[in-house]
Amino acid sequence: MSNQKAVLGRIGIWAGHLDNYPAATLRSAARTIEDLGYGTLWFPETTGREAMAQAAILLSATQRIVVAAGAADIYARDAVTTAAAQRTLDEAYPGRFLLGLWESHPSLAEDVRGHRFGPPVTTMRTYLDAMDAAPFRMPTASARPRRVLAALGPEMLTLAGERAWGAHPLGLPVAHTANARAVLGPDALLAVAQLVILDPTRSNLAELARSYAAATVPNRRPLLRELGFEEAEIDSLSDRLVNAIVACGTVDEIAQRVGQHLDAGADHVSLYVVTPTPETPPLPQWRELAAQLSVG
């Protein structure tokens, strides 16, 4: 891993439910993740807190950890505003903020935000052009800060390799990591988010695993077919498919999946730990995983 990539650490936390926590709990959870030694705290943006404001809360509550707005919605802010917000946070917390951009979903862009949803790759490219052309007149502005794309398919991955630091796919099997590395080439960052259920019995939370797999499948169906899953498996959410998307089991089994992603070409793996109580931070699971994995 290059020195630049090393700033993220090998393992981070994808905190997909931060919007469920009150602000005080949010700050406490961020400090816990940092104290446990994880390198990066990732979070998404949908209809909860605004991504840049949330990043500022998390950065102000911590001292070392990289905070990554892993899926900042490009329909939530115009490109000039996003560029200004990114540079503002980068100036205030040098090297600790990472902007991840997401092309959104048609229903979220149109029904919730009131925009016309455009072709994802073309729209993202235009957005990046506008970000790069945006003015920023702060007196201590530094070199252009880093960004990544929440890229899944080959065209968006190619764009991530050309116009960003790299990519951070979520909700796909290890085989996709190898494909993504091949598209990105050897130098771009590949930060993979892995859904995780810490369940030594591998049965108590089977339906939870299935529900999270089901939520990821609609936008990934063509990719899953390319990875060798039959339509019947995708439609029925076969055990093979669920197990490929959600790492479920003991800490050792979770560690094995992380190792598989790293061996397939990932530079960094973030753990999206899910439980039956998403309104509560999964502190015991974060602690147990940190104790067993080399998270730094």
# chains A, B, ... in the order shown; residues from 1 in each chain; ligands from 1

$ residues_around --residues "Asp78 in chain A" --least-positions-apart "3" --cutoff "10 Å" --atoms "only C-alpha atoms" --output "ChimeraX atom specification"
/A:73-75,81-83,127,130-131

$ write_last_selection --atoms "C-alpha atoms" --output "mmCIF file, in the first residue's frame"
data_model
loop_
_atom_site.group_PDB
_atom_site.id
_atom_site.type_symbol
_atom_site.label_atom_id
_atom_site.label_comp_id
_atom_site.auth_asym_id
_atom_site.auth_seq_id
_atom_site.Cartn_x
_atom_site.Cartn_y
_atom_site.Cartn_z
ATOM 1 C CA ASP A 73 -25.277 12.406 -3.235
ATOM 2 C CA ILE A 74 -24.433 14.518 -6.285
ATOM 3 C CA TYR A 75 -28.078 15.655 -6.443
ATOM 4 C CA THR A 81 -21.022 23.949 -3.255
ATOM 5 C CA THR A 82 -19.571 20.454 -2.952
ATOM 6 C CA ALA A 83 -16.118 21.646 -4.015
ATOM 7 C CA TYR A 127 -20.315 17.038 -12.059
ATOM 8 C CA ALA A 130 -17.855 21.492 -12.607
ATOM 9 C CA MET A 131 -16.120 20.693 -9.327
#

$ closest_atom_pairs --of "range 145-215 of chain A" --to "range 238-251 of chain A" --cutoff "12 Å" --atoms "only C-alpha atoms" --output "Markdown table"
| residue | atom | partner | partner_atom | distance |
| --- | --- | --- | --- | --- |
| A:Pro169 | CA | A:Ile245 | CA | 11.9 |
| A:Leu170 | CA | A:Ile245 | CA | 9.1 |
| A:Gly171 | CA | A:Ile245 | CA | 5.7 |
| A:Leu172 | CA | A:Ile245 | CA | 5.4 |
| A:Pro173 | CA | A:Ala244 | CA | 5.0 |
| A:Val174 | CA | A:Ala244 | CA | 7.4 |
| A:Ala175 | CA | A:Ala244 | CA | 9.2 |
| A:His176 | CA | A:Ala244 | CA | 10.4 |
| A:Thr177 | CA | A:Ile245 | CA | 11.9 |
| A:Val192 | CA | A:Ile245 | CA | 11.9 |
| A:Ala193 | CA | A:Ile245 | CA | 10.4 |
| A:Gln194 | CA | A:Val246 | CA | 7.1 |
| A:Leu195 | CA | A:Val246 | CA | 4.9 |
| A:Val196 | CA | A:Ala247 | CA | 4.8 |
| A:Ile197 | CA | A:Cys248 | CA | 4.7 |
| A:Leu198 | CA | A:Gly249 | CA | 5.4 |
| A:Asp199 | CA | A:Gly249 | CA | 4.5 |
| A:Pro200 | CA | A:Thr250 | CA | 4.5 |
| A:Thr201 | CA | A:Gly249 | CA | 6.7 |
| A:Arg202 | CA | A:Gly249 | CA | 5.1 |
| A:Ser203 | CA | A:Gly249 | CA | 8.7 |
| A:Asn204 | CA | A:Gly249 | CA | 10.1 |
| A:Leu205 | CA | A:Cys248 | CA | 8.5 |
| A:Ala206 | CA | A:Cys248 | CA | 8.4 |
| A:Glu207 | CA | A:Val242 | CA | 10.0 |
| A:Leu208 | CA | A:Val246 | CA | 9.8 |
| A:Ala209 | CA | A:Val246 | CA | 6.2 |
| A:Arg210 | CA | A:Val242 | CA | 6.0 |
| A:Ser211 | CA | A:Val242 | CA | 9.2 |
| A:Tyr212 | CA | A:Val246 | CA | 7.8 |
| A:Ala213 | CA | A:Val242 | CA | 5.7 |
| A:Ala214 | CA | A:Val242 | CA | 8.3 |
| A:Ala215 | CA | A:Ile245 | CA | 10.8 |

$ atom_distance --atom1 "CA of Leu128 in chain A" --atom2 "CA of Arg146 in chain A"
12.2 Å

$ residues_around --residues "Leu159 in chain A" --least-positions-apart "6" --cutoff "9 Å" --atoms "only C-alpha atoms" --output "MDAnalysis selection string"
chainID A and resid 121 124:125 149 151 166 184

$ write_last_selection --atoms "N, CA and C atoms" --output "mmCIF file, in the first residue's frame"
data_model
loop_
_atom_site.group_PDB
_atom_site.id
_atom_site.type_symbol
_atom_site.label_atom_id
_atom_site.label_comp_id
_atom_site.auth_asym_id
_atom_site.auth_seq_id
_atom_site.Cartn_x
_atom_site.Cartn_y
_atom_site.Cartn_z
ATOM 1 N N VAL A 121 -23.065 7.822 -15.484
ATOM 2 C CA VAL A 121 -21.659 8.105 -15.772
ATOM 3 C C VAL A 121 -21.500 9.489 -16.394
ATOM 4 N N MET A 124 -22.095 12.106 -13.682
ATOM 5 C CA MET A 124 -20.966 12.183 -12.752
ATOM 6 C C MET A 124 -19.787 12.886 -13.409
ATOM 7 N N ARG A 125 -19.512 12.584 -14.662
ATOM 8 C CA ARG A 125 -18.395 13.226 -15.348
ATOM 9 C C ARG A 125 -18.604 14.741 -15.422
ATOM 10 N N LEU A 149 -15.084 7.667 -5.913
ATOM 11 C CA LEU A 149 -16.431 7.475 -6.438
ATOM 12 C C LEU A 149 -16.994 6.159 -5.918
ATOM 13 N N ALA A 151 -18.266 3.583 -7.017
ATOM 14 C CA ALA A 151 -18.370 2.965 -8.339
ATOM 15 C C ALA A 151 -18.593 1.470 -8.229
ATOM 16 N N GLY A 166 -9.829 6.962 -6.576
ATOM 17 C CA GLY A 166 -10.175 5.564 -6.781
ATOM 18 C C GLY A 166 -11.648 5.341 -6.520
ATOM 19 N N LEU A 184 -9.471 -0.640 -12.565
ATOM 20 C CA LEU A 184 -8.816 0.538 -12.006
ATOM 21 C C LEU A 184 -7.330 0.587 -12.303
#

$ select_by_dssp --residues "range 109-228 of chain A" --states "helix (DSSP H, G or I)" --output "PDB file with N, CA, C and O atoms, in the first residue's frame"
ATOM      1  N   ALA A 109     -33.386  11.004  -6.371  1.00  0.00           N
ATOM      2  CA  ALA A 109     -33.075  12.248  -7.077  1.00  0.00           C
ATOM      3  C   ALA A 109     -34.340  12.985  -7.495  1.00  0.00           C
ATOM      4  O   ALA A 109     -34.423  14.217  -7.376  1.00  0.00           O
ATOM      5  N   GLU A 110     -35.338  12.240  -7.987  1.00  0.00           N
ATOM      6  CA  GLU A 110     -36.519  12.884  -8.560  1.00  0.00           C
ATOM      7  C   GLU A 110     -37.639  13.065  -7.532  1.00  0.00           C
ATOM      8  O   GLU A 110     -38.151  14.173  -7.361  1.00  0.00           O
ATOM      9  N   ASP A 111     -38.045  11.999  -6.861  1.00  0.00           N
ATOM     10  CA  ASP A 111     -39.201  12.076  -5.967  1.00  0.00           C
ATOM     11  C   ASP A 111     -38.890  12.825  -4.676  1.00  0.00           C
ATOM     12  O   ASP A 111     -39.746  13.530  -4.140  1.00  0.00           O
ATOM     13  N   VAL A 112     -37.666  12.665  -4.159  1.00  0.00           N
ATOM     14  CA  VAL A 112     -37.303  13.294  -2.889  1.00  0.00           C
ATOM     15  C   VAL A 112     -36.659  14.661  -3.113  1.00  0.00           C
ATOM     16  O   VAL A 112     -37.046  15.647  -2.492  1.00  0.00           O
ATOM     17  N   PRO A 120     -26.031   7.994 -15.295  1.00  0.00           N
ATOM     18  CA  PRO A 120     -25.101   8.095 -14.160  1.00  0.00           C
ATOM     19  C   PRO A 120     -23.678   8.489 -14.520  1.00  0.00           C
ATOM     20  O   PRO A 120     -23.122   9.420 -13.916  1.00  0.00           O
ATOM     21  N   VAL A 121     -23.065   7.822 -15.484  1.00  0.00           N
ATOM     22  CA  VAL A 121     -21.659   8.105 -15.772  1.00  0.00           C
ATOM     23  C   VAL A 121     -21.500   9.489 -16.394  1.00  0.00           C
ATOM     24  O   VAL A 121     -20.616  10.267 -16.003  1.00  0.00           O
ATOM     25  N   THR A 122     -22.357   9.826 -17.344  1.00  0.00           N
ATOM     26  CA  THR A 122     -22.287  11.147 -17.973  1.00  0.00           C
ATOM     27  C   THR A 122     -22.534  12.252 -16.955  1.00  0.00           C
ATOM     28  O   THR A 122     -21.830  13.278 -16.940  1.00  0.00           O
ATOM     29  N   THR A 123     -23.530  12.047 -16.096  1.00  0.00           N
ATOM     30  CA  THR A 123     -23.854  13.050 -15.085  1.00  0.00           C
ATOM     31  C   THR A 123     -22.709  13.213 -14.098  1.00  0.00           C
ATOM     32  O   THR A 123     -22.353  14.342 -13.716  1.00  0.00           O
ATOM     33  N   MET A 124     -22.095  12.106 -13.682  1.00  0.00           N
ATOM     34  CA  MET A 124     -20.966  12.183 -12.752  1.00  0.00           C
ATOM     35  C   MET A 124     -19.787  12.886 -13.409  1.00  0.00           C
ATOM     36  O   MET A 124     -19.123  13.727 -12.778  1.00  0.00           O
ATOM     37  N   ARG A 125     -19.512  12.584 -14.662  1.00  0.00           N
ATOM     38  CA  ARG A 125     -18.395  13.226 -15.348  1.00  0.00           C
ATOM     39  C   ARG A 125     -18.604  14.741 -15.422  1.00  0.00           C
ATOM     40  O   ARG A 125     -17.679  15.528 -15.175  1.00  0.00           O
ATOM     41  N   THR A 126     -19.821  15.152 -15.763  1.00  0.00           N
ATOM     42  CA  THR A 126     -20.132  16.579 -15.830  1.00  0.00           C
ATOM     43  C   THR A 126     -19.986  17.234 -14.463  1.00  0.00           C
ATOM     44  O   THR A 126     -19.492  18.360 -14.337  1.00  0.00           O
ATOM     45  N   TYR A 127     -20.413  16.524 -13.431  1.00  0.00           N
ATOM     46  CA  TYR A 127     -20.315  17.038 -12.059  1.00  0.00           C
ATOM     47  C   TYR A 127     -18.849  17.222 -11.664  1.00  0.00           C
ATOM     48  O   TYR A 127     -18.471  18.241 -11.074  1.00  0.00           O
ATOM     49  N   LEU A 128     -18.010  16.242 -11.998  1.00  0.00           N
ATOM     50  CA  LEU A 128     -16.581  16.357 -11.696  1.00  0.00           C
ATOM     51  C   LEU A 128     -15.951  17.520 -12.455  1.00  0.00           C
ATOM     52  O   LEU A 128     -15.094  18.241 -11.910  1.00  0.00           O
ATOM     53  N   ASP A 129     -16.357  17.711 -13.704  1.00  0.00           N
ATOM     54  CA  ASP A 129     -15.861  18.854 -14.478  1.00  0.00           C
ATOM     55  C   ASP A 129     -16.184  20.159 -13.760  1.00  0.00           C
ATOM     56  O   ASP A 129     -15.329  21.064 -13.660  1.00  0.00           O
ATOM     57  N   ALA A 130     -17.430  20.266 -13.285  1.00  0.00           N
ATOM     58  CA  ALA A 130     -17.855  21.492 -12.607  1.00  0.00           C
ATOM     59  C   ALA A 130     -17.133  21.675 -11.278  1.00  0.00           C
ATOM     60  O   ALA A 130     -16.781  22.796 -10.892  1.00  0.00           O
ATOM     61  N   MET A 131     -16.890  20.591 -10.563  1.00  0.00           N
ATOM     62  CA  MET A 131     -16.120  20.693  -9.327  1.00  0.00           C
ATOM     63  C   MET A 131     -14.713  21.194  -9.606  1.00  0.00           C
ATOM     64  O   MET A 131     -14.192  22.060  -8.893  1.00  0.00           O
ATOM     65  N   ASP A 132     -14.095  20.655 -10.651  1.00  0.00           N
ATOM     66  CA  ASP A 132     -12.722  21.033 -10.961  1.00  0.00           C
ATOM     67  C   ASP A 132     -12.619  22.496 -11.398  1.00  0.00           C
ATOM     68  O   ASP A 132     -11.562  23.124 -11.219  1.00  0.00           O
ATOM     69  N   ALA A 133     -13.688  23.020 -11.964  1.00  0.00           N
ATOM     70  CA  ALA A 133     -13.679  24.407 -12.423  1.00  0.00           C
ATOM     71  C   ALA A 133     -14.148  25.391 -11.355  1.00  0.00           C
ATOM     72  O   ALA A 133     -14.078  26.606 -11.565  1.00  0.00           O
ATOM     73  N   PRO A 154     -18.257  -1.201 -14.641  1.00  0.00           N
ATOM     74  CA  PRO A 154     -16.962  -0.913 -15.267  1.00  0.00           C
ATOM     75  C   PRO A 154     -16.820   0.523 -15.761  1.00  0.00           C
ATOM     76  O   PRO A 154     -15.726   1.089 -15.691  1.00  0.00           O
ATOM     77  N   GLU A 155     -17.886   1.134 -16.264  1.00  0.00           N
ATOM     78  CA  GLU A 155     -17.759   2.496 -16.763  1.00  0.00           C
ATOM     79  C   GLU A 155     -17.505   3.481 -15.628  1.00  0.00           C
ATOM     80  O   GLU A 155     -16.671   4.385 -15.752  1.00  0.00           O
ATOM     81  N   MET A 156     -18.223   3.324 -14.507  1.00  0.00           N
ATOM     82  CA  MET A 156     -17.998   4.216 -13.368  1.00  0.00           C
ATOM     83  C   MET A 156     -16.652   3.927 -12.723  1.00  0.00           C
ATOM     84  O   MET A 156     -15.970   4.853 -12.248  1.00  0.00           O
ATOM     85  N   LEU A 157     -16.237   2.670 -12.705  1.00  0.00           N
ATOM     86  CA  LEU A 157     -14.909   2.344 -12.186  1.00  0.00           C
ATOM     87  C   LEU A 157     -13.824   2.989 -13.037  1.00  0.00           C
ATOM     88  O   LEU A 157     -12.831   3.512 -12.514  1.00  0.00           O
ATOM     89  N   THR A 158     -14.002   2.955 -14.341  1.00  0.00           N
ATOM     90  CA  THR A 158     -13.037   3.596 -15.231  1.00  0.00           C
ATOM     91  C   THR A 158     -12.954   5.088 -14.949  1.00  0.00           C
ATOM     92  O   THR A 158     -11.861   5.672 -14.876  1.00  0.00           O
ATOM     93  N   LEU A 159     -14.110   5.714 -14.769  1.00  0.00           N
ATOM     94  CA  LEU A 159     -14.137   7.137 -14.443  1.00  0.00           C
ATOM     95  C   LEU A 159     -13.442   7.399 -13.108  1.00  0.00           C
ATOM     96  O   LEU A 159     -12.707   8.385 -12.965  1.00  0.00           O
ATOM     97  N   ALA A 160     -13.656   6.512 -12.136  1.00  0.00           N
ATOM     98  CA  ALA A 160     -13.004   6.666 -10.830  1.00  0.00           C
ATOM     99  C   ALA A 160     -11.492   6.606 -10.958  1.00  0.00           C
ATOM    100  O   ALA A 160     -10.761   7.340 -10.280  1.00  0.00           O
ATOM    101  N   GLY A 161     -11.006   5.731 -11.832  1.00  0.00           N
ATOM    102  CA  GLY A 161      -9.578   5.646 -12.040  1.00  0.00           C
ATOM    103  C   GLY A 161      -9.002   6.845 -12.762  1.00  0.00           C
ATOM    104  O   GLY A 161      -7.853   7.232 -12.528  1.00  0.00           O
ATOM    105  N   GLU A 162      -9.811   7.463 -13.625  1.00  0.00           N
ATOM    106  CA  GLU A 162      -9.345   8.595 -14.418  1.00  0.00           C
ATOM    107  C   GLU A 162      -9.459   9.929 -13.691  1.00  0.00           C
ATOM    108  O   GLU A 162      -8.605  10.799 -13.842  1.00  0.00           O
ATOM    109  N   ARG A 163     -10.541  10.094 -12.900  1.00  0.00           N
ATOM    110  CA  ARG A 163     -10.867  11.425 -12.391  1.00  0.00           C
ATOM    111  C   ARG A 163     -10.930  11.504 -10.868  1.00  0.00           C
ATOM    112  O   ARG A 163     -11.295  12.546 -10.321  1.00  0.00           O
ATOM    113  N   VAL A 174     -16.511 -10.988  -3.375  1.00  0.00           N
ATOM    114  CA  VAL A 174     -15.066 -10.823  -3.530  1.00  0.00           C
ATOM    115  C   VAL A 174     -14.662 -10.832  -4.998  1.00  0.00           C
ATOM    116  O   VAL A 174     -13.732 -10.110  -5.399  1.00  0.00           O
ATOM    117  N   ALA A 175     -15.335 -11.631  -5.815  1.00  0.00           N
ATOM    118  CA  ALA A 175     -14.988 -11.681  -7.236  1.00  0.00           C
ATOM    119  C   ALA A 175     -15.086 -10.302  -7.882  1.00  0.00           C
ATOM    120  O   ALA A 175     -14.329  -9.985  -8.819  1.00  0.00           O
ATOM    121  N   HIS A 176     -16.000  -9.469  -7.418  1.00  0.00           N
ATOM    122  CA  HIS A 176     -16.108  -8.121  -7.970  1.00  0.00           C
ATOM    123  C   HIS A 176     -14.886  -7.300  -7.615  1.00  0.00           C
ATOM    124  O   HIS A 176     -14.454  -6.441  -8.405  1.00  0.00           O
ATOM    125  N   THR A 177     -14.309  -7.520  -6.438  1.00  0.00           N
ATOM    126  CA  THR A 177     -13.111  -6.783  -6.049  1.00  0.00           C
ATOM    127  C   THR A 177     -11.985  -7.032  -7.041  1.00  0.00           C
ATOM    128  O   THR A 177     -11.283  -6.099  -7.448  1.00  0.00           O
ATOM    129  N   ALA A 178     -11.815  -8.287  -7.440  1.00  0.00           N
ATOM    130  CA  ALA A 178     -10.782  -8.606  -8.426  1.00  0.00           C
ATOM    131  C   ALA A 178     -11.067  -7.924  -9.759  1.00  0.00           C
ATOM    132  O   ALA A 178     -10.149  -7.381 -10.408  1.00  0.00           O
ATOM    133  N   ASN A 179     -12.328  -7.919 -10.175  1.00  0.00           N
ATOM    134  CA  ASN A 179     -12.693  -7.243 -11.429  1.00  0.00           C
ATOM    135  C   ASN A 179     -12.453  -5.737 -11.338  1.00  0.00           C
ATOM    136  O   ASN A 179     -11.969  -5.111 -12.286  1.00  0.00           O
ATOM    137  N   ALA A 180     -12.811  -5.162 -10.187  1.00  0.00           N
ATOM    138  CA  ALA A 180     -12.632  -3.722 -10.007  1.00  0.00           C
ATOM    139  C   ALA A 180     -11.156  -3.349 -10.057  1.00  0.00           C
ATOM    140  O   ALA A 180     -10.772  -2.334 -10.662  1.00  0.00           O
ATOM    141  N   ARG A 181     -10.317  -4.162  -9.440  1.00  0.00           N
ATOM    142  CA  ARG A 181      -8.878  -3.874  -9.490  1.00  0.00           C
ATOM    143  C   ARG A 181      -8.359  -3.928 -10.921  1.00  0.00           C
ATOM    144  O   ARG A 181      -7.530  -3.094 -11.329  1.00  0.00           O
ATOM    145  N   ALA A 182      -8.851  -4.877 -11.693  1.00  0.00           N
ATOM    146  CA  ALA A 182      -8.416  -4.987 -13.084  1.00  0.00           C
ATOM    147  C   ALA A 182      -8.806  -3.743 -13.878  1.00  0.00           C
ATOM    148  O   ALA A 182      -8.037  -3.267 -14.730  1.00  0.00           O
ATOM    149  N   VAL A 183      -9.993  -3.205 -13.624  1.00  0.00           N
ATOM    150  CA  VAL A 183     -10.440  -2.006 -14.332  1.00  0.00           C
ATOM    151  C   VAL A 183      -9.668  -0.777 -13.867  1.00  0.00           C
ATOM    152  O   VAL A 183      -9.241   0.059 -14.681  1.00  0.00           O
ATOM    153  N   LEU A 184      -9.471  -0.640 -12.565  1.00  0.00           N
ATOM    154  CA  LEU A 184      -8.816   0.538 -12.006  1.00  0.00           C
ATOM    155  C   LEU A 184      -7.330   0.587 -12.303  1.00  0.00           C
ATOM    156  O   LEU A 184      -6.737   1.669 -12.356  1.00  0.00           O
ATOM    157  N   ALA A 206     -30.015 -15.100  10.207  1.00  0.00           N
ATOM    158  CA  ALA A 206     -30.053 -15.424   8.782  1.00  0.00           C
ATOM    159  C   ALA A 206     -31.016 -14.519   8.027  1.00  0.00           C
ATOM    160  O   ALA A 206     -30.721 -14.075   6.904  1.00  0.00           O
ATOM    161  N   GLU A 207     -32.165 -14.230   8.602  1.00  0.00           N
ATOM    162  CA  GLU A 207     -33.135 -13.374   7.915  1.00  0.00           C
ATOM    163  C   GLU A 207     -32.644 -11.937   7.819  1.00  0.00           C
ATOM    164  O   GLU A 207     -32.956 -11.230   6.863  1.00  0.00           O
ATOM    165  N   LEU A 208     -31.884 -11.505   8.808  1.00  0.00           N
ATOM    166  CA  LEU A 208     -31.302 -10.166   8.741  1.00  0.00           C
ATOM    167  C   LEU A 208     -30.327 -10.089   7.564  1.00  0.00           C
ATOM    168  O   LEU A 208     -30.333  -9.115   6.802  1.00  0.00           O
ATOM    169  N   ALA A 209     -29.494 -11.112   7.420  1.00  0.00           N
ATOM    170  CA  ALA A 209     -28.568 -11.148   6.288  1.00  0.00           C
ATOM    171  C   ALA A 209     -29.329 -11.117   4.974  1.00  0.00           C
ATOM    172  O   ALA A 209     -28.953 -10.403   4.037  1.00  0.00           O
ATOM    173  N   ARG A 210     -30.408 -11.860   4.893  1.00  0.00           N
ATOM    174  CA  ARG A 210     -31.193 -11.914   3.670  1.00  0.00           C
ATOM    175  C   ARG A 210     -31.809 -10.546   3.355  1.00  0.00           C
ATOM    176  O   ARG A 210     -31.857 -10.121   2.194  1.00  0.00           O
ATOM    177  N   SER A 211     -32.265  -9.841   4.384  1.00  0.00           N
ATOM    178  CA  SER A 211     -32.901  -8.545   4.147  1.00  0.00           C
ATOM    179  C   SER A 211     -31.896  -7.522   3.627  1.00  0.00           C
ATOM    180  O   SER A 211     -32.217  -6.713   2.752  1.00  0.00           O
ATOM    181  N   TYR A 212     -30.677  -7.547   4.138  1.00  0.00           N
ATOM    182  CA  TYR A 212     -29.674  -6.609   3.652  1.00  0.00           C
ATOM    183  C   TYR A 212     -29.206  -6.986   2.249  1.00  0.00           C
ATOM    184  O   TYR A 212     -28.960  -6.106   1.413  1.00  0.00           O
ATOM    185  N   ALA A 213     -29.077  -8.273   1.990  1.00  0.00           N
ATOM    186  CA  ALA A 213     -28.734  -8.700   0.635  1.00  0.00           C
ATOM    187  C   ALA A 213     -29.815  -8.266  -0.347  1.00  0.00           C
ATOM    188  O   ALA A 213     -29.514  -7.792  -1.454  1.00  0.00           O
ATOM    189  N   ALA A 214     -31.073  -8.416   0.053  1.00  0.00           N
ATOM    190  CA  ALA A 214     -32.186  -8.038  -0.820  1.00  0.00           C
ATOM    191  C   ALA A 214     -32.142  -6.553  -1.170  1.00  0.00           C
ATOM    192  O   ALA A 214     -32.474  -6.156  -2.291  1.00  0.00           O
ATOM    193  N   ALA A 215     -31.712  -5.732  -0.215  1.00  0.00           N
ATOM    194  CA  ALA A 215     -31.672  -4.292  -0.461  1.00  0.00           C
ATOM    195  C   ALA A 215     -30.585  -3.912  -1.460  1.00  0.00           C
ATOM    196  O   ALA A 215     -30.689  -2.883  -2.133  1.00  0.00           O
ATOM    197  N   THR A 216     -29.544  -4.732  -1.557  1.00  0.00           N
ATOM    198  CA  THR A 216     -28.450  -4.402  -2.467  1.00  0.00           C
ATOM    199  C   THR A 216     -28.658  -4.919  -3.883  1.00  0.00           C
ATOM    200  O   THR A 216     -28.079  -4.386  -4.829  1.00  0.00           O
ATOM    201  N   ARG A 221     -27.921  -6.241 -10.151  1.00  0.00           N
ATOM    202  CA  ARG A 221     -28.322  -7.456 -10.867  1.00  0.00           C
ATOM    203  C   ARG A 221     -27.426  -7.764 -12.068  1.00  0.00           C
ATOM    204  O   ARG A 221     -26.938  -8.893 -12.200  1.00  0.00           O
ATOM    205  N   PRO A 222     -27.148  -6.811 -12.969  1.00  0.00           N
ATOM    206  CA  PRO A 222     -26.270  -7.143 -14.104  1.00  0.00           C
ATOM    207  C   PRO A 222     -24.875  -7.571 -13.658  1.00  0.00           C
ATOM    208  O   PRO A 222     -24.279  -8.483 -14.249  1.00  0.00           O
ATOM    209  N   LEU A 223     -24.348  -6.922 -12.637  1.00  0.00           N
ATOM    210  CA  LEU A 223     -23.023  -7.279 -12.154  1.00  0.00           C
ATOM    211  C   LEU A 223     -23.023  -8.675 -11.553  1.00  0.00           C
ATOM    212  O   LEU A 223     -22.070  -9.440 -11.732  1.00  0.00           O
ATOM    213  N   LEU A 224     -24.088  -9.012 -10.842  1.00  0.00           N
ATOM    214  CA  LEU A 224     -24.168 -10.343 -10.240  1.00  0.00           C
ATOM    215  C   LEU A 224     -24.262 -11.424 -11.312  1.00  0.00           C
ATOM    216  O   LEU A 224     -23.664 -12.498 -11.182  1.00  0.00           O
ATOM    217  N   ARG A 225     -24.979 -11.119 -12.388  1.00  0.00           N
ATOM    218  CA  ARG A 225     -25.026 -12.081 -13.500  1.00  0.00           C
ATOM    219  C   ARG A 225     -23.642 -12.285 -14.093  1.00  0.00           C
ATOM    220  O   ARG A 225     -23.233 -13.415 -14.390  1.00  0.00           O
ATOM    221  N   GLU A 226     -22.906 -11.190 -14.250  1.00  0.00           N
ATOM    222  CA  GLU A 226     -21.560 -11.302 -14.799  1.00  0.00           C
ATOM    223  C   GLU A 226     -20.637 -12.081 -13.875  1.00  0.00           C
ATOM    224  O   GLU A 226     -19.660 -12.691 -14.330  1.00  0.00           O
TER     225      GLU A 226
END

$ closest_residue --among "A:Ala167, A:Ile65, A:Leu152, A:Ala71" --to "Pro94 in chain A" --atoms "only C-alpha atoms"
A:Ile65

$ atom_distance --atom1 "CA of Val258 in chain A" --atom2 "CA of Tyr272 in chain A"
11.8 Å

$ residues_around --residues "Tyr21 in chain A" --least-positions-apart "5" --cutoff "12 Å" --atoms "only C-alpha atoms" --output "MDAnalysis selection string"
chainID A and resid 15:16 26:30 48:49 54 277:282

$ closest_residue --among "A:Ser270, A:Asn20, A:Ser104, A:Thr62" --to "Trp286 in chain A" --atoms "only C-alpha atoms"
A:Ser270

$ residues_around --residues "Val66 in chain A" --least-positions-apart "5" --cutoff "9 Å" --atoms "only C-alpha atoms" --output "NGL selection string"
:A and (7-8 or 34 or 39-42 or 59 or 95-98)

$ residues_around --residues "Gln86 in chain A" --least-positions-apart "2" --cutoff "12 Å" --atoms "only C-alpha atoms" --output "PyMOL selection string"
chain A and resi 51-53+55-56+67-69+72+77+79-84+88-101+131-132+134+136+141-147

$ write_last_selection --atoms "C-alpha atoms" --output "CSV table (one decimal), in the first residue's frame"
chain,number,residue,atom,x,y,z
A,51,ALA,CA,-23.2,14.8,4.4
A,52,MET,CA,-20.8,17.8,4.8
A,53,ALA,CA,-22.5,18.9,8.1
A,55,ALA,CA,-18.6,15.1,8.4
A,56,ALA,CA,-17.9,18.3,10.3
A,67,VAL,CA,-13.8,10.7,8.0
A,68,ALA,CA,-15.1,9.7,4.7
A,69,ALA,CA,-18.5,10.9,3.3
A,72,ALA,CA,-22.3,12.1,-0.9
A,77,ARG,CA,-25.6,19.9,-3.7
A,79,ALA,CA,-20.8,20.9,-7.8
A,80,VAL,CA,-19.5,24.4,-6.7
A,81,THR,CA,-21.0,23.9,-3.3
A,82,THR,CA,-19.6,20.5,-3.0
A,83,ALA,CA,-16.1,21.6,-4.0
A,84,ALA,CA,-16.3,24.5,-1.5
A,88,THR,CA,-13.4,23.9,3.7
A,89,LEU,CA,-13.2,20.6,5.6
A,90,ASP,CA,-9.8,19.8,4.1
A,91,GLU,CA,-8.4,23.1,5.2
A,92,ALA,CA,-9.8,22.8,8.7
A,93,TYR,CA,-8.8,19.1,9.1
A,94,PRO,CA,-5.8,18.6,6.8
A,95,GLY,CA,-5.7,15.0,5.4
A,96,ARG,CA,-8.6,13.8,7.5
A,97,PHE,CA,-11.6,14.3,5.2
A,98,LEU,CA,-12.3,12.1,2.2
A,99,LEU,CA,-15.1,12.9,-0.2
A,100,GLY,CA,-16.9,10.0,-1.8
A,101,LEU,CA,-19.4,10.8,-4.5
A,131,MET,CA,-16.1,20.7,-9.3
A,132,ASP,CA,-12.7,21.0,-11.0
A,134,ALA,CA,-15.2,25.7,-9.2
A,136,PHE,CA,-12.3,28.6,-4.0
A,141,ALA,CA,-6.3,26.8,0.0
A,142,SER,CA,-3.9,23.9,-0.7
A,143,ALA,CA,-3.6,21.4,-3.5
A,144,ARG,CA,-6.7,19.8,-4.8
A,145,PRO,CA,-8.1,17.4,-2.1
A,146,ARG,CA,-8.8,13.8,-2.7
A,147,ARG,CA,-12.1,12.2,-3.8

$ decode --residues "range 285-292 of chain A" --atoms "C-alpha atoms" --output "CSV table (one decimal), in the first residue's frame"
chain,number,residue,atom,x,y,z
A,285,GLN,CA,-19.2,-6.0,17.6
A,286,TRP,CA,-16.9,-3.1,16.7
A,287,ARG,CA,-14.8,-4.0,19.8
A,288,GLU,CA,-14.7,-7.7,19.1
A,289,LEU,CA,-13.7,-7.2,15.5
A,290,ALA,CA,-11.0,-4.7,16.4
A,291,ALA,CA,-9.6,-7.0,19.1
A,292,GLN,CA,-9.1,-9.8,16.5
